[in-house]
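File shown: run-v1.cif (mmCIF, C-alpha atoms).
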```cif
data_protein
#
loop_
_atom_site.label_atom_id
_atom_site.label_comp_id
_atom_site.auth_asym_id
_atom_site.auth_seq_id
_atom_site.Cartn_x
_atom_site.Cartn_y
_atom_site.Cartn_z
CA MET A 14 45.56 44.24 -140.25
CA ASN A 15 46.77 44.13 -143.85
CA LYS A 16 46.91 41.03 -146.03
CA ALA A 17 50.68 40.63 -145.61
CA LEU A 18 50.40 40.45 -141.81
CA ILE A 19 47.50 37.99 -142.00
CA LEU A 20 49.47 35.72 -144.33
CA ALA A 21 52.51 35.92 -142.03
CA ALA A 22 50.38 34.94 -139.01
CA ILE A 23 48.88 31.96 -140.85
CA THR A 24 52.32 30.82 -141.96
CA LEU A 25 53.59 31.00 -138.36
CA LEU A 26 50.70 28.93 -137.08
CA LEU A 27 51.19 26.29 -139.75
CA SER A 28 54.88 26.03 -138.89
CA PHE A 29 54.12 24.49 -135.49
CA PRO A 30 54.15 20.65 -135.40
CA SER A 31 50.72 19.03 -135.48
CA ASN A 32 51.38 17.08 -132.29
CA ALA A 33 52.28 20.14 -130.19
CA GLN A 34 50.26 20.27 -127.00
CA ALA A 35 50.22 22.45 -123.91
CA VAL A 36 51.94 20.78 -120.97
CA LYS A 37 50.75 21.64 -117.47
CA THR A 38 53.39 21.83 -114.75
CA LEU A 39 52.48 20.12 -111.49
CA LYS A 40 52.83 22.05 -108.22
CA LYS A 41 53.96 20.69 -104.86
CA VAL A 42 51.15 20.43 -102.30
CA ILE A 43 52.25 18.21 -99.41
CA THR A 44 55.31 16.32 -98.16
CA LEU A 45 55.47 13.07 -96.17
CA GLU A 46 58.80 12.45 -94.45
CA ILE A 47 59.98 8.90 -93.76
CA THR A 48 62.21 9.27 -90.69
CA GLU A 49 62.49 5.53 -90.01
CA GLU A 50 65.42 3.56 -91.36
CA GLY A 51 65.00 0.70 -93.81
CA GLY A 52 64.81 0.59 -97.56
CA SER A 53 65.65 3.12 -100.23
CA ASN A 54 62.64 2.78 -102.55
CA GLY A 55 59.18 4.13 -101.89
CA ALA A 56 56.65 1.49 -102.93
CA ALA A 57 53.43 3.50 -102.86
CA VAL A 58 51.23 5.96 -101.00
CA ALA A 59 47.57 5.13 -100.30
CA TRP A 60 44.81 7.39 -98.97
CA HIS A 61 42.26 5.86 -96.58
CA PRO A 62 39.08 7.93 -97.02
CA ILE A 63 37.48 6.65 -93.81
CA GLN A 64 40.51 7.11 -91.59
CA LYS A 65 41.48 10.32 -93.44
CA LYS A 66 45.09 9.17 -93.40
CA TYR A 67 47.95 8.49 -95.80
CA TYR A 68 49.81 5.16 -95.65
CA ALA A 69 53.31 5.16 -97.15
CA ALA A 70 55.12 1.83 -97.65
CA MET A 71 58.78 1.19 -98.40
CA ALA A 72 59.60 -1.55 -100.92
CA GLY A 73 62.15 -4.32 -100.58
CA ASN A 74 61.59 -6.16 -97.29
CA SER A 75 58.83 -7.11 -94.87
CA GLU A 76 60.75 -5.31 -92.09
CA PHE A 77 60.79 -1.96 -93.89
CA PRO A 78 58.61 0.93 -92.66
CA LEU A 79 54.91 1.47 -93.18
CA VAL A 80 54.31 5.04 -92.04
CA VAL A 81 50.96 6.68 -91.37
CA PHE A 82 50.28 10.41 -91.78
CA ASP A 83 47.26 12.63 -91.21
CA ALA A 84 45.72 14.75 -93.95
CA GLN A 85 48.23 17.55 -93.33
CA GLY A 86 51.25 15.27 -93.60
CA LYS A 87 52.00 14.90 -89.89
CA LYS A 88 53.12 11.44 -88.76
CA VAL A 89 50.45 9.81 -86.60
CA PHE A 90 52.21 6.92 -84.85
CA GLU A 91 55.64 6.36 -83.37
CA ASP A 92 58.40 4.62 -85.32
CA GLY A 93 58.42 0.86 -85.51
CA ILE A 94 55.48 -0.07 -87.74
CA THR A 95 56.61 -2.33 -90.58
CA THR A 96 54.99 -3.49 -93.80
CA GLN A 97 55.14 -7.20 -92.73
CA TYR A 98 55.07 -7.78 -96.48
CA ASP A 99 57.43 -6.97 -99.33
CA VAL A 100 55.04 -4.34 -100.65
CA ARG A 101 54.84 -3.12 -104.23
CA GLY A 102 51.37 -1.60 -104.76
CA LEU A 103 49.19 -0.20 -101.96
CA TRP A 104 45.56 0.96 -102.14
CA TYR A 105 42.25 1.36 -100.31
CA ASN A 106 39.57 -1.06 -101.52
CA PRO A 107 36.05 0.40 -101.01
CA PHE A 108 34.44 -3.00 -101.64
CA ALA A 109 36.39 -4.64 -98.80
CA LYS A 110 36.65 -1.35 -96.87
CA ALA A 111 40.30 -2.22 -96.30
CA LEU A 112 43.88 -1.27 -97.05
CA GLN A 113 45.36 -3.78 -99.50
CA ALA A 114 48.68 -4.43 -101.23
CA ASN A 115 50.35 -6.53 -103.87
CA GLY A 116 53.75 -7.95 -103.03
CA TYR A 117 57.03 -8.88 -104.62
CA SER A 118 57.04 -11.91 -106.95
CA ASP A 119 54.75 -14.65 -105.55
CA TYR A 120 53.81 -12.85 -102.31
CA GLY A 121 50.34 -12.42 -103.75
CA TRP A 122 47.88 -9.81 -102.51
CA GLY A 123 47.41 -8.93 -98.84
CA GLN A 124 44.99 -7.00 -96.65
CA TYR A 125 45.81 -5.09 -93.46
CA ASN A 126 43.77 -5.25 -90.29
CA LEU A 127 43.65 -1.79 -88.76
CA PHE A 128 43.43 -1.06 -85.05
CA GLU A 129 41.49 1.86 -83.60
CA GLY A 130 42.76 5.11 -85.04
CA GLY A 131 43.92 3.41 -88.22
CA LYS A 132 47.12 1.87 -86.85
CA PRO A 133 48.19 -1.05 -89.08
CA GLY A 134 47.98 -4.48 -87.54
CA GLU A 135 48.51 -7.88 -89.09
CA ILE A 136 48.42 -8.31 -92.86
CA ILE A 137 46.62 -11.37 -94.20
CA THR A 138 47.26 -12.78 -97.68
CA PHE A 139 43.89 -13.10 -99.40
CA HIS A 140 45.22 -14.25 -102.80
CA GLU A 141 48.44 -16.25 -103.19
CA GLY A 142 50.93 -16.53 -106.06
CA GLN A 143 52.50 -14.23 -108.63
CA LEU A 144 49.36 -12.49 -109.80
CA GLN A 145 51.22 -9.90 -111.87
CA PRO A 146 53.39 -9.84 -114.99
CA THR A 147 56.80 -9.34 -113.34
CA GLU A 148 58.33 -9.83 -109.90
CA GLN A 149 58.56 -6.08 -109.33
CA SER A 150 55.17 -5.00 -110.73
CA VAL A 151 53.41 -2.28 -108.76
CA GLY A 152 49.64 -2.61 -108.91
CA ALA A 153 47.48 0.39 -109.87
CA TYR A 154 43.98 0.00 -108.44
CA ASP A 155 40.67 1.00 -110.03
CA PRO A 156 38.29 1.56 -107.06
CA ALA A 157 35.20 1.85 -109.24
CA LYS A 158 35.53 -1.57 -110.89
CA ASN A 159 37.69 -3.41 -108.32
CA LEU A 160 40.44 -4.03 -110.88
CA LEU A 161 44.23 -3.96 -110.82
CA TYR A 162 46.45 -2.79 -113.64
CA PHE A 163 50.11 -3.75 -114.09
CA LEU A 164 52.74 -2.70 -116.63
CA ASP A 165 54.27 -5.66 -118.45
CA GLU A 166 57.75 -5.95 -119.98
CA ASP A 167 56.45 -4.87 -123.39
CA GLY A 168 55.05 -1.59 -122.09
CA ASN A 169 51.43 -2.77 -122.11
CA LEU A 170 48.77 -3.06 -119.39
CA GLU A 171 47.61 -6.31 -117.84
CA GLN A 172 44.23 -6.16 -116.11
CA TYR A 173 43.17 -8.42 -113.23
CA SER A 174 40.06 -8.81 -111.08
CA VAL A 175 40.77 -8.19 -107.39
CA LYS A 176 37.71 -10.22 -106.40
CA ASP A 177 38.90 -13.54 -107.85
CA THR A 178 42.41 -12.80 -109.30
CA ALA A 179 41.17 -13.56 -112.83
CA TYR A 180 43.37 -12.22 -115.61
CA ILE A 181 40.99 -10.20 -117.77
CA LYS A 182 42.95 -8.82 -120.72
CA THR A 183 46.02 -7.00 -121.98
CA ILE A 184 45.60 -3.43 -123.19
CA ASN A 185 48.15 -2.34 -125.78
CA LEU A 186 49.65 1.04 -124.91
CA GLN A 187 51.00 3.33 -127.62
CA LEU A 188 53.86 4.83 -125.61
CA GLY A 189 54.28 8.52 -126.33
CA VAL A 190 51.80 8.46 -129.22
CA THR A 191 48.44 10.24 -129.45
CA LYS A 192 45.62 8.75 -131.49
CA LYS A 193 45.78 11.70 -133.87
CA ASP A 194 49.49 11.29 -134.55
CA ASP A 195 49.72 7.51 -134.78
CA THR A 196 51.59 6.66 -137.98
CA GLY A 197 51.92 2.97 -137.15
CA LEU A 198 55.70 3.27 -137.15
CA THR A 199 56.36 3.62 -133.41
CA ASP A 200 57.24 0.53 -131.37
CA ASN A 201 57.23 0.44 -127.57
CA TYR A 202 60.59 -1.34 -127.66
CA ASP A 203 62.13 1.84 -129.05
CA VAL A 204 61.11 3.95 -126.05
CA ILE A 205 60.38 1.61 -123.12
CA GLU A 206 63.69 2.46 -121.41
CA GLU A 207 62.54 6.07 -121.06
CA TYR A 208 59.88 5.05 -118.54
CA ASN A 209 59.70 3.91 -114.94
CA ASN A 210 59.36 0.17 -115.61
CA ALA A 211 57.62 -0.96 -112.42
CA SER A 212 55.19 1.74 -111.26
CA ILE A 213 52.10 2.99 -113.04
CA ILE A 214 49.11 4.87 -111.63
CA TYR A 215 45.34 4.81 -111.98
CA THR A 216 43.83 8.31 -111.75
CA GLY A 217 40.13 7.63 -112.21
CA ILE A 218 40.01 10.57 -114.65
CA LYS A 219 37.74 9.53 -117.51
CA GLY A 220 39.75 9.25 -120.71
CA SER A 221 43.05 9.75 -118.85
CA GLU A 222 42.90 6.82 -116.46
CA ILE A 223 46.43 5.43 -116.66
CA GLY A 224 49.63 7.33 -115.88
CA LEU A 225 53.23 6.43 -116.71
CA LEU A 226 56.32 8.31 -115.59
CA ASN A 227 58.69 9.32 -118.37
CA ILE A 228 62.02 9.70 -116.56
CA GLU A 229 63.74 11.15 -119.64
CA THR A 230 61.33 14.03 -120.26
CA GLN A 231 60.42 14.40 -116.56
CA GLU A 232 56.72 14.14 -117.31
CA VAL A 233 53.73 12.09 -116.26
CA GLU A 234 51.99 10.81 -119.36
CA LEU A 235 48.26 10.09 -119.13
CA TYR A 236 46.67 7.42 -121.33
CA ASP A 237 43.12 6.52 -122.29
CA VAL A 238 42.52 3.01 -120.99
CA SER A 239 39.90 2.37 -123.69
CA ASN A 240 42.39 2.61 -126.57
CA GLY A 241 45.89 2.89 -125.06
CA TYR A 242 46.76 6.25 -126.62
CA LEU A 243 48.52 9.18 -124.97
CA VAL A 244 46.11 11.95 -124.04
CA SER A 245 48.14 14.55 -122.15
CA LYS A 246 51.37 15.25 -120.30
CA LEU A 247 52.13 16.78 -116.90
CA LYS A 248 55.52 18.38 -116.29
CA LEU A 249 57.15 17.55 -112.96
CA PRO A 250 58.19 20.39 -110.64
CA GLU A 251 61.79 21.44 -111.14
CA GLY A 252 64.22 19.29 -109.15
CA THR A 253 61.89 16.28 -108.79
CA ALA A 254 63.87 13.05 -108.45
CA THR A 255 62.80 10.18 -110.71
CA TYR A 256 63.98 6.59 -110.94
CA GLU A 257 63.85 3.60 -113.26
CA MET A 258 61.74 1.67 -110.73
CA PHE A 259 59.27 2.50 -107.94
CA ASN A 260 59.05 5.89 -106.15
CA PHE A 261 55.96 6.98 -108.13
CA SER A 262 52.37 6.79 -106.92
CA TYR A 263 48.91 8.36 -107.01
CA CYS A 264 46.17 8.83 -104.43
CA ASN A 265 43.72 11.44 -103.15
CA GLY A 266 43.89 13.33 -106.43
CA MET A 267 47.66 13.83 -106.23
CA TYR A 268 50.74 12.57 -108.06
CA TRP A 269 53.42 11.38 -105.64
CA PHE A 270 57.20 11.24 -106.07
CA PHE A 271 59.66 9.75 -103.58
CA ASN A 272 63.12 11.28 -103.16
CA GLN A 273 65.55 8.58 -102.02
CA GLU A 274 68.10 11.05 -100.66
CA LEU A 275 65.62 13.15 -98.66
CA ARG A 276 63.37 10.16 -97.86
CA THR A 277 60.27 12.18 -98.62
CA TRP A 278 57.13 11.64 -100.66
CA THR A 279 55.94 14.85 -102.33
CA GLY A 280 52.31 15.08 -103.43
CA CYS A 281 51.65 17.32 -106.45
CA LYS A 282 48.64 18.62 -108.33
#
```

Just give me the structure of the file as structure tokens.
Amino acid sequence: MNKALILAAITLLLSFPSNAQAVKTLKKVITLEITEEGGSNGAAVAWHPIQKKYYAAMAGNSEFPLVVFDAQGKKVFEDGITTQYDVRGLWYNPFAKALQANGYSDYGWGQYNLFEGGKPGEIITFHEGQLQPTEQSVGAYDPAKNLLYFLDEDGNLEQYSVKDTAYIKTINLQLGVTKKDDTGLTDNYDVIEEYNNASIIYTGIKGSEIGLLNIETQEVELYDVSNGYLVSKLKLPEGTATYEMFNFSYCNGMYWFFNQELRTWTGCK
């Protein structure tokens, strides 16, 4: 290769923006269909590793469906099981060995008793009050440390202990900004409307623990919980429905998106 071609190649490389990064596109893996009536918003999907089942809750009313599916996405029980709780976040707690949830406003946090086969029974409130930053906050659970994360109105994370409800700290997120490209000029207020404002996810991936859904770019953005900076982006499959609130979840290594029209949760990797 002659010098002119080498110089042209170098010039082309330098012309790309410094913050350019490869974006992986997620692929659809499994679908959970909510055939029961009641509610339009999917609250969350939780995976129970002992039962080997998915639990999908609808948000908005204690009479809305809580549907159970096997590992292949087949519904396990007949229609008629309800949340008994105005569910927002839903998760499996390995410390309590139980399915738990946070509710709307001052519902607090509840725990389901499961019958044989994993069928949901009564839910018992184990912590009362509004233990979250907003009425609609969806809790994202860290199963290693028994912590809950919530997105506040400023686009930051609030961290709570599930054991005793203690507020631990607020982690400042740098929405859309990597550590390398932080100029100090970006403010969350400028971009907060681009994101789902109720649902966040906890992935357990070291250095990419927290996920937010950017409904404008149709991407999941992963953040480092230790410093609040953007680490990577995941492009949603073409045609994925996204919303300003709810309908976004994570469990069993998959990113979940609820389509209000089709009433389906789609798990993606």

**Message:** Please list, as a PyMOL selection string, the residues that have an atom at most 10 Å away from (53.7, -12.3, -103.8) in the coordinates of this file, counting only C-alpha atoms.
**Reply:** chain A and resi 98-101+114-123+138+140-145+148-149

Show me a table, sorted first by chain and then by increasing residue number, of the residues of region 195-277 of chain A having an atom at most 8 Å from region 54-67 of chain A, each with its shortest atom pair and the distance in Å to one decimal, counting only C-alpha atoms and written as CSV.
```
residue,atom,partner,partner_atom,distance
A:Phe259,CA,A:Ala56,CA,5.7
A:Asn260,CA,A:Gly55,CA,4.6
A:Phe261,CA,A:Ala57,CA,6.8
A:Ser262,CA,A:Ala57,CA,5.3
A:Tyr263,CA,A:Val58,CA,6.9
A:Cys264,CA,A:Ala59,CA,5.7
A:Asn265,CA,A:Trp60,CA,5.9
A:Trp269,CA,A:Val58,CA,7.5
A:Phe271,CA,A:Gly55,CA,5.9
A:Gln273,CA,A:Asn54,CA,6.5
```

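Close to (52.1, -0.2, -111.1), meaning no more than 8 Å away when counting all atoms listed in the file, sit the residues Arg101, Gly102, Ser150, Val151, Gly152, Ala153, Tyr162, Phe163, Leu164, Ala211, Ser212, Ile213 and Ile214 of chain A.
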
Residue IDs satisfying the PyMOL selection byres ((chain A and resi 46) around 8), as an mmCIF file with C-alpha atoms, in the frame of the given file:
```cif
data_model
loop_
_atom_site.group_PDB
_atom_site.id
_atom_site.type_symbol
_atom_site.label_atom_id
_atom_site.label_comp_id
_atom_site.auth_asym_id
_atom_site.auth_seq_id
_atom_site.Cartn_x
_atom_site.Cartn_y
_atom_site.Cartn_z
ATOM 1 C CA THR A 44 55.310 16.320 -98.160
ATOM 2 C CA LEU A 45 55.470 13.070 -96.170
ATOM 3 C CA ILE A 47 59.980 8.900 -93.760
ATOM 4 C CA THR A 48 62.210 9.270 -90.690
ATOM 5 C CA ARG A 276 63.370 10.160 -97.860
ATOM 6 C CA THR A 277 60.270 12.180 -98.620
ATOM 7 C CA TRP A 278 57.130 11.640 -100.660
#
```

**Request:** Would you kindly return, as a list in words, each protein, DNA or RNA residue with an atom no farther than 10 Å from any atom of Ile43 (chain A), considering all atoms listed in the file and excluding same-chain residues fewer than 5 positions away?
**Result:**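 The filter keeps Ala84, Gln85, Gly86, Met267, Trp269, Trp278, Thr279, Gly280, Cys281 and Lys282 of chain A.
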
**Asked** In Å, how far is it from CA of Asn209 (chain A) to CA of Glu171 (chain A)?
**Response** 16.1 Å

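If you measure from each of A:Asn272, A:Thr199, A:Asn210, A:Thr183 to Ser239 (chain A) using all atoms listed in the file, the closest one turns out to be A:Thr183.
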
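Between CA of Phe77 (chain A) and CA of Glu257 (chain A) the separation is 20.4 Å.
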
**Asked** Could you pull the residues within 9 Å of Phe108 (chain A), counting all atoms listed in the file, minus those fewer than 2 positions along the same chain, as a list in words?
**Response**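 That gives Asn106, Lys110, Ala111, Pro156 and Asn159 of chain A.
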
**Request:** Would you mind reading off the distance between CA of Leu235 (chain A) and CA of Glu222 (chain A), one decimal, in Å?
**Result:**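 These two atoms are separated by 6.8 Å.
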
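Of the listed residues A:Leu186, A:Leu127, A:Ile223, A:Leu249, the one whose atoms come nearest to Thr38 (chain A) is A:Leu249, with distances taken using only C-alpha atoms.
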
**Message:** Taking 3 positions as the minimum chain separation for residues in the same chain, which residues sit within 10 Å of Ser221 (chain A) when counting all atoms listed in the file? Answer as a PyMOL selection string.
**Reply:** chain A and resi 215-218+224+234-239+241-245

**Item:** Residue with smallest distance to Asp92 (chain A) - pool A:Gly73, A:Gly51, A:Pro250, A:Gly220, counting all atoms listed in the file
**Value:**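 Among the listed residues, the smallest separation from Asp92 (chain A) belongs to A:Gly51.
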
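Distances from A:Leu198, A:Val81, A:Ala109, A:Val42 to Gly266 (chain A) were compared using all atoms listed in the file, and the smallest one belongs to A:Val42.
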